[in-house]
Amino acid sequence: MLIGILLNRVTWEVKQIITALEKQNIKYDIINNQKLHFKLTNKKDLEKPYDLFLERSLSYMRGLYTTAILELKGYKVINNYECLDLTGNKLLTSLKLVEYGIPTPDTCIAFKEESSIEAIKAHLHYPTIIKPLVGSWGRLIARLDDYNSAMANLECRETMGNAFQKIYYLQKYIPTVNTTKPTDIRLLVIGNEPVAAMGRFSPENEFRSNLAIGGTAKPYPIDDEIKALSLNAKNAVKGEIVGVDLMEEDGQLKIIEVNGTPQFRGISTATKIDIAEKMVGYLLENYA
């Protein structure tokens, strides 16, 4: 078995995957997509006979388009193009969650400052969360506490020049009522099994819980409700290995986000579960 690991930077997660592959004597290549070029054909024309590619790029666009090209050529990529396309864009993820009847917070989309303010007034109220359509690690997520803060934030995004920043993804703010409970829950799903879950806690004076900005995490039990929701979310986005984020609103769990190229250092550290080993075990069981 020969696996290609597609990336633009060797992360902690990639190093863990390499260790797990070597333990199983699985051959692999590290493939930096910044150095790739392709002839667009529908033939398996790469120099080596790859059985499978793992898409681990931190660059959403490079990962997405590399996957599309490789699939055209007949190669298997995890996750596939459809999953990466859906999960890389919060609007497309939300549309799938709604289509599949999966509970998710009230969400609105608007295309100008004025219509955004109307959406907040009519459906979401203050405070409201605004998120970039494309992005990770909590970057450019903001809480709009009132009209003035909303207008200031929207005006900044309007002048950024990035077309994605001018599509306003607005979501109901869910406060943490009980500080002994986590702000949100992150699961790592591999195949048909949620293999690990952590509760994430926001740092002081911060509503976001991302570990990249100082959040903390503890292991979280996976009950039947969490398992069913996370598998439904994974299936909705046509994924195989995904991260699923949930929050509790008025006693009901809701899916916040699905990640098609999930980082797992935080959840591995919090739970002491070897995620990379489980990933490689899944590949062996299903594709060797």
# chains A, B, ... in the order shown; residues from 1 in each chain; ligands from 1
>>> select_by_dssp(residues="region 33-274 of chain A", states="strand (DSSP E)", output="count of residues only")
59
>>> residues_around(residues="Tyr50 (chain A)", least_positions_apart="6", cutoff="9 Å", atoms="only C-alpha atoms", output="PyMOL selection string")
chain A and resi 1-4+28+75-76
>>> atom_distance(atom1="CA of Lys254 (chain A)", atom2="CA of Ala236 (chain A)")
14.4 Å
>>> residues_around(residues="Leu64 (chain A)", least_positions_apart="4", cutoff="12 Å", atoms="only C-alpha atoms", output="list in words")
Leu6, Leu7, Asn33, Glu55, Arg56, Ser57, Leu58, Ser59, Tyr60, Ala68, Ile69, Leu70, Glu71, Val77, Ile78, Asn79, Asn80, Tyr81, Glu82, Cys83, Leu84, Asp85, Leu86, Thr87, Gly88, Asn89, Gly260 and Thr261 of chain A
>>> residues_around(residues="Lys121 (chain A)", least_positions_apart="2", cutoff="12 Å", atoms="only C-alpha atoms", output="number ranges by chain")
A: 108, 114-119, 123-128, 146-147, 150, 170, 172
>>> select_by_dssp(residues="region 79-263 of chain A", states="helix (DSSP H, G or I)", output="mmCIF file with C-alpha atoms, in the first residue's frame")
data_model
loop_
_atom_site.group_PDB
_atom_site.id
_atom_site.type_symbol
_atom_site.label_atom_id
_atom_site.label_comp_id
_atom_site.auth_asym_id
_atom_site.auth_seq_id
_atom_site.Cartn_x
_atom_site.Cartn_y
_atom_site.Cartn_z
ATOM 1 C CA TYR A 81 -13.760 16.865 -3.038
ATOM 2 C CA GLU A 82 -17.449 17.101 -2.112
ATOM 3 C CA CYS A 83 -16.692 16.894 1.593
ATOM 4 C CA LEU A 84 -13.857 19.430 1.420
ATOM 5 C CA ASP A 85 -15.975 21.823 -0.636
ATOM 6 C CA LEU A 86 -18.871 21.645 1.816
ATOM 7 C CA THR A 87 -16.896 21.769 5.043
ATOM 8 C CA LYS A 90 -19.629 27.544 6.529
ATOM 9 C CA LEU A 91 -22.610 28.524 4.391
ATOM 10 C CA LEU A 92 -22.484 25.299 2.384
ATOM 11 C CA THR A 93 -22.107 23.293 5.604
ATOM 12 C CA SER A 94 -25.134 25.005 7.123
ATOM 13 C CA LEU A 95 -27.214 24.367 4.014
ATOM 14 C CA LYS A 96 -26.444 20.638 4.240
ATOM 15 C CA LEU A 97 -27.231 20.509 7.947
ATOM 16 C CA VAL A 98 -30.584 22.189 7.335
ATOM 17 C CA GLU A 99 -31.285 19.935 4.335
ATOM 18 C CA GLU A 113 -24.411 46.003 5.839
ATOM 19 C CA GLU A 114 -28.023 47.176 5.774
ATOM 20 C CA SER A 115 -29.482 43.730 5.103
ATOM 21 C CA SER A 116 -27.228 42.262 7.803
ATOM 22 C CA ILE A 117 -28.601 44.711 10.352
ATOM 23 C CA GLU A 118 -32.150 43.805 9.266
ATOM 24 C CA ALA A 119 -31.389 40.089 9.656
ATOM 25 C CA ILE A 120 -30.084 40.654 13.180
ATOM 26 C CA LYS A 121 -33.119 42.750 14.079
ATOM 27 C CA ALA A 122 -35.647 40.306 12.609
ATOM 28 C CA HIS A 123 -34.158 36.920 13.536
ATOM 29 C CA LEU A 124 -31.043 36.872 15.681
ATOM 30 C CA TYR A 147 -25.829 48.233 16.410
ATOM 31 C CA ASN A 148 -22.622 50.281 16.623
ATOM 32 C CA SER A 149 -20.323 47.286 17.012
ATOM 33 C CA ALA A 150 -22.183 45.514 14.199
ATOM 34 C CA MET A 151 -21.777 48.434 11.788
ATOM 35 C CA ALA A 152 -18.110 48.901 12.673
ATOM 36 C CA ASN A 153 -17.381 45.214 12.028
ATOM 37 C CA LEU A 154 -19.398 45.077 8.816
ATOM 38 C CA GLU A 155 -17.735 48.217 7.456
ATOM 39 C CA CYS A 156 -14.292 46.689 8.086
ATOM 40 C CA ARG A 157 -15.246 43.504 6.239
ATOM 41 C CA GLU A 158 -16.707 45.499 3.368
ATOM 42 C CA ALA A 163 -15.089 38.517 -1.762
ATOM 43 C CA PHE A 164 -15.765 35.879 0.900
ATOM 44 C CA GLN A 165 -15.629 38.555 3.612
ATOM 45 C CA LYS A 166 -18.471 40.436 1.922
ATOM 46 C CA LEU A 211 -7.372 26.039 21.658
ATOM 47 C CA ALA A 212 -5.335 28.123 19.195
ATOM 48 C CA ILE A 213 -6.389 31.285 21.066
ATOM 49 C CA ASP A 224 -25.912 7.998 22.142
ATOM 50 C CA GLU A 225 -27.190 11.504 21.328
ATOM 51 C CA ILE A 226 -23.738 12.891 20.568
ATOM 52 C CA LYS A 227 -22.852 9.812 18.532
ATOM 53 C CA ALA A 228 -26.020 10.031 16.434
ATOM 54 C CA LEU A 229 -25.643 13.774 15.796
ATOM 55 C CA SER A 230 -21.981 13.560 14.836
ATOM 56 C CA LEU A 231 -22.556 10.635 12.462
ATOM 57 C CA ASN A 232 -25.506 12.417 10.857
ATOM 58 C CA ALA A 233 -23.338 15.500 10.346
ATOM 59 C CA LYS A 234 -20.497 13.427 8.885
ATOM 60 C CA ASN A 235 -22.883 11.710 6.485
ATOM 61 C CA ALA A 236 -24.497 15.009 5.469
#
>>> closest_residue(among="A:Asp106, A:Glu193, A:Glu22, A:Asp51", to="Ile222 (chain A)", atoms="only C-alpha atoms")
A:Glu193
>>> closest_residue(among="A:Val177, A:Leu52, A:Ile167, A:Leu133", to="Asn286 (chain A)", atoms="only C-alpha atoms")
A:Leu52
>>> closest_residue(among="A:Lys15, A:Arg62, A:Lys112, A:Arg143", to="Gln34 (chain A)", atoms="only C-alpha atoms")
A:Arg62
>>> residues_around(residues="Phe201 (chain A)", least_positions_apart="5", cutoff="12 Å", atoms="only C-alpha atoms", output="short mmCIF file (atom, residue, chain, number, x, y, z; two decimals) with C-alpha atoms, in the first residue's frame")
data_model
loop_
_atom_site.label_atom_id
_atom_site.label_comp_id
_atom_site.auth_asym_id
_atom_site.auth_seq_id
_atom_site.Cartn_x
_atom_site.Cartn_y
_atom_site.Cartn_z
CA THR A 176 -22.38 29.60 28.31
CA ASN A 178 -23.08 27.05 33.36
CA THR A 179 -19.34 27.71 33.50
CA THR A 180 -18.71 24.19 34.81
CA LYS A 181 -19.87 22.91 31.44
CA PRO A 182 -17.77 23.30 28.30
CA THR A 183 -18.38 26.16 25.89
CA ASP A 184 -18.59 23.60 23.10
CA ILE A 185 -17.78 19.98 22.29
CA ARG A 186 -15.42 18.74 19.58
CA GLU A 206 -13.25 35.51 25.55
CA PHE A 207 -16.38 33.94 24.02
CA ARG A 208 -14.42 31.70 21.62
CA SER A 209 -13.08 28.37 22.87
CA ASN A 210 -10.52 27.53 20.18
CA LEU A 211 -7.37 26.04 21.66
CA ILE A 213 -6.39 31.28 21.07
CA GLY A 214 -5.99 30.01 24.60
CA GLY A 215 -8.99 27.75 25.20
CA THR A 216 -8.62 24.66 27.36
CA ALA A 217 -10.02 21.17 26.93
CA LYS A 218 -11.06 18.10 28.91
CA PRO A 219 -12.21 14.64 27.78
CA TYR A 220 -15.95 14.44 27.17
CA MET A 247 -23.01 23.45 21.47
#
>>> atom_distance(atom1="CA of Ile141 (chain A)", atom2="CA of Met61 (chain A)")
19.9 Å
>>> atom_distance(atom1="CA of Val195 (chain A)", atom2="CA of Asp250 (chain A)")
26.4 Å
>>> residues_around(residues="Ile275 (chain A)", least_positions_apart="6", cutoff="9 Å", atoms="only C-alpha atoms", output="VMD selection string")
chain A and resid 16 to 17 188 195 to 196 264 to 265 267 to 268
>>> write_last_selection(atoms="N, CA and C atoms", output="mmCIF file, in the first residue's frame")
data_model
loop_
_atom_site.group_PDB
_atom_site.id
_atom_site.type_symbol
_atom_site.label_atom_id
_atom_site.label_comp_id
_atom_site.auth_asym_id
_atom_site.auth_seq_id
_atom_site.Cartn_x
_atom_site.Cartn_y
_atom_site.Cartn_z
ATOM 1 N N GLN A 16 2.410 12.710 13.487
ATOM 2 C CA GLN A 16 1.757 11.584 14.164
ATOM 3 C C GLN A 16 1.288 10.541 13.159
ATOM 4 N N ILE A 17 0.750 11.008 12.043
ATOM 5 C CA ILE A 17 0.295 10.084 10.997
ATOM 6 C C ILE A 17 1.478 9.302 10.434
ATOM 7 N N LEU A 188 -14.051 13.817 17.091
ATOM 8 C CA LEU A 188 -13.314 13.351 15.927
ATOM 9 C C LEU A 188 -13.987 12.058 15.478
ATOM 10 N N VAL A 195 -14.447 8.627 17.623
ATOM 11 C CA VAL A 195 -13.380 7.960 18.368
ATOM 12 C C VAL A 195 -12.903 8.754 19.579
ATOM 13 N N ALA A 196 -13.208 10.050 19.626
ATOM 14 C CA ALA A 196 -12.753 10.866 20.752
ATOM 15 C C ALA A 196 -13.596 12.136 20.813
ATOM 16 N N PHE A 264 -5.958 17.541 15.128
ATOM 17 C CA PHE A 264 -6.353 16.712 16.272
ATOM 18 C C PHE A 264 -5.339 16.695 17.401
ATOM 19 N N ARG A 265 -4.431 17.642 17.392
ATOM 20 C CA ARG A 265 -3.470 17.707 18.500
ATOM 21 C C ARG A 265 -4.183 17.954 19.828
ATOM 22 N N ILE A 267 -7.364 17.407 20.760
ATOM 23 C CA ILE A 267 -8.215 16.320 21.233
ATOM 24 C C ILE A 267 -7.380 15.096 21.618
ATOM 25 N N SER A 268 -6.264 14.879 20.937
ATOM 26 C CA SER A 268 -5.364 13.786 21.324
ATOM 27 C C SER A 268 -4.751 14.057 22.690
#
>>> decode(residues="region 177-274 of chain A", atoms="C-alpha atoms", output="compact mmCIF listing (two decimals), in the first residue's frame")
# COMPACT_ATOMS: atom_id res chain seq x y z
CA VAL A 177 -24.94 29.48 31.12
CA ASN A 178 -23.08 27.05 33.36
CA THR A 179 -19.34 27.71 33.50
CA THR A 180 -18.71 24.19 34.81
CA LYS A 181 -19.87 22.91 31.44
CA PRO A 182 -17.77 23.30 28.30
CA THR A 183 -18.38 26.16 25.89
CA ASP A 184 -18.59 23.60 23.10
CA ILE A 185 -17.78 19.98 22.29
CA ARG A 186 -15.42 18.74 19.58
CA LEU A 187 -15.63 15.17 18.27
CA LEU A 188 -13.31 13.35 15.93
CA VAL A 189 -15.24 10.92 13.71
CA ILE A 190 -13.47 8.21 11.73
CA GLY A 191 -15.67 6.13 9.47
CA ASN A 192 -18.78 5.22 11.43
CA GLU A 193 -17.30 5.79 14.86
CA PRO A 194 -16.78 8.92 16.96
CA VAL A 195 -13.38 7.96 18.37
CA ALA A 196 -12.75 10.87 20.75
CA ALA A 197 -14.50 13.90 22.22
CA MET A 198 -13.37 16.88 24.24
CA GLY A 199 -15.16 19.72 25.94
CA ARG A 200 -13.56 23.09 25.19
CA PHE A 201 -13.62 25.98 27.64
CA SER A 202 -13.20 29.64 26.72
CA PRO A 203 -10.37 31.62 28.29
CA GLU A 204 -11.23 34.55 30.56
CA ASN A 205 -12.90 37.49 28.78
CA GLU A 206 -13.25 35.51 25.55
CA PHE A 207 -16.38 33.94 24.02
CA ARG A 208 -14.42 31.70 21.62
CA SER A 209 -13.08 28.37 22.87
CA ASN A 210 -10.52 27.53 20.18
CA LEU A 211 -7.37 26.04 21.66
CA ALA A 212 -5.33 28.12 19.20
CA ILE A 213 -6.39 31.28 21.07
CA GLY A 214 -5.99 30.01 24.60
CA GLY A 215 -8.99 27.75 25.20
CA THR A 216 -8.62 24.66 27.36
CA ALA A 217 -10.02 21.17 26.93
CA LYS A 218 -11.06 18.10 28.91
CA PRO A 219 -12.21 14.64 27.78
CA TYR A 220 -15.95 14.44 27.17
CA PRO A 221 -18.15 11.32 27.27
CA ILE A 222 -19.72 10.18 23.99
CA ASP A 223 -23.34 9.26 24.63
CA ASP A 224 -25.91 8.00 22.14
CA GLU A 225 -27.19 11.50 21.33
CA ILE A 226 -23.74 12.89 20.57
CA LYS A 227 -22.85 9.81 18.53
CA ALA A 228 -26.02 10.03 16.43
CA LEU A 229 -25.64 13.77 15.80
CA SER A 230 -21.98 13.56 14.84
CA LEU A 231 -22.56 10.63 12.46
CA ASN A 232 -25.51 12.42 10.86
CA ALA A 233 -23.34 15.50 10.35
CA LYS A 234 -20.50 13.43 8.89
CA ASN A 235 -22.88 11.71 6.49
CA ALA A 236 -24.50 15.01 5.47
CA VAL A 237 -21.15 16.35 4.23
CA LYS A 238 -20.11 12.99 2.68
CA GLY A 239 -17.01 12.74 4.87
CA GLU A 240 -14.92 9.87 6.20
CA ILE A 241 -12.63 11.55 8.75
CA VAL A 242 -14.13 14.76 10.14
CA GLY A 243 -14.23 16.98 13.17
CA VAL A 244 -17.67 17.93 14.48
CA ASP A 245 -18.38 20.86 16.82
CA LEU A 246 -21.51 20.99 18.98
CA MET A 247 -23.01 23.45 21.47
CA GLU A 248 -25.89 23.13 23.89
CA GLU A 249 -28.78 25.57 23.56
CA ASP A 250 -31.68 25.32 26.02
CA GLY A 251 -30.81 21.72 26.78
CA GLN A 252 -30.55 20.66 23.12
CA LEU A 253 -27.29 19.86 21.36
CA LYS A 254 -26.76 21.59 18.03
CA ILE A 255 -24.11 21.17 15.37
CA ILE A 256 -22.02 24.31 14.91
CA GLU A 257 -19.47 23.21 12.37
CA VAL A 258 -18.00 20.23 10.50
CA ASN A 259 -14.32 20.21 9.56
CA GLY A 260 -13.12 18.15 6.60
CA THR A 261 -9.41 18.46 7.42
CA PRO A 262 -9.54 18.29 11.21
CA GLN A 263 -6.51 19.09 13.31
CA PHE A 264 -6.35 16.71 16.27
CA ARG A 265 -3.47 17.71 18.50
CA GLY A 266 -5.82 19.24 21.06
CA ILE A 267 -8.22 16.32 21.23
CA SER A 268 -5.36 13.79 21.32
CA THR A 269 -3.73 15.67 24.18
CA ALA A 270 -6.98 16.08 26.11
CA THR A 271 -8.17 12.49 25.74
CA LYS A 272 -4.82 10.63 25.51
CA ILE A 273 -6.26 8.80 22.48
CA ASP A 274 -3.90 8.13 19.58
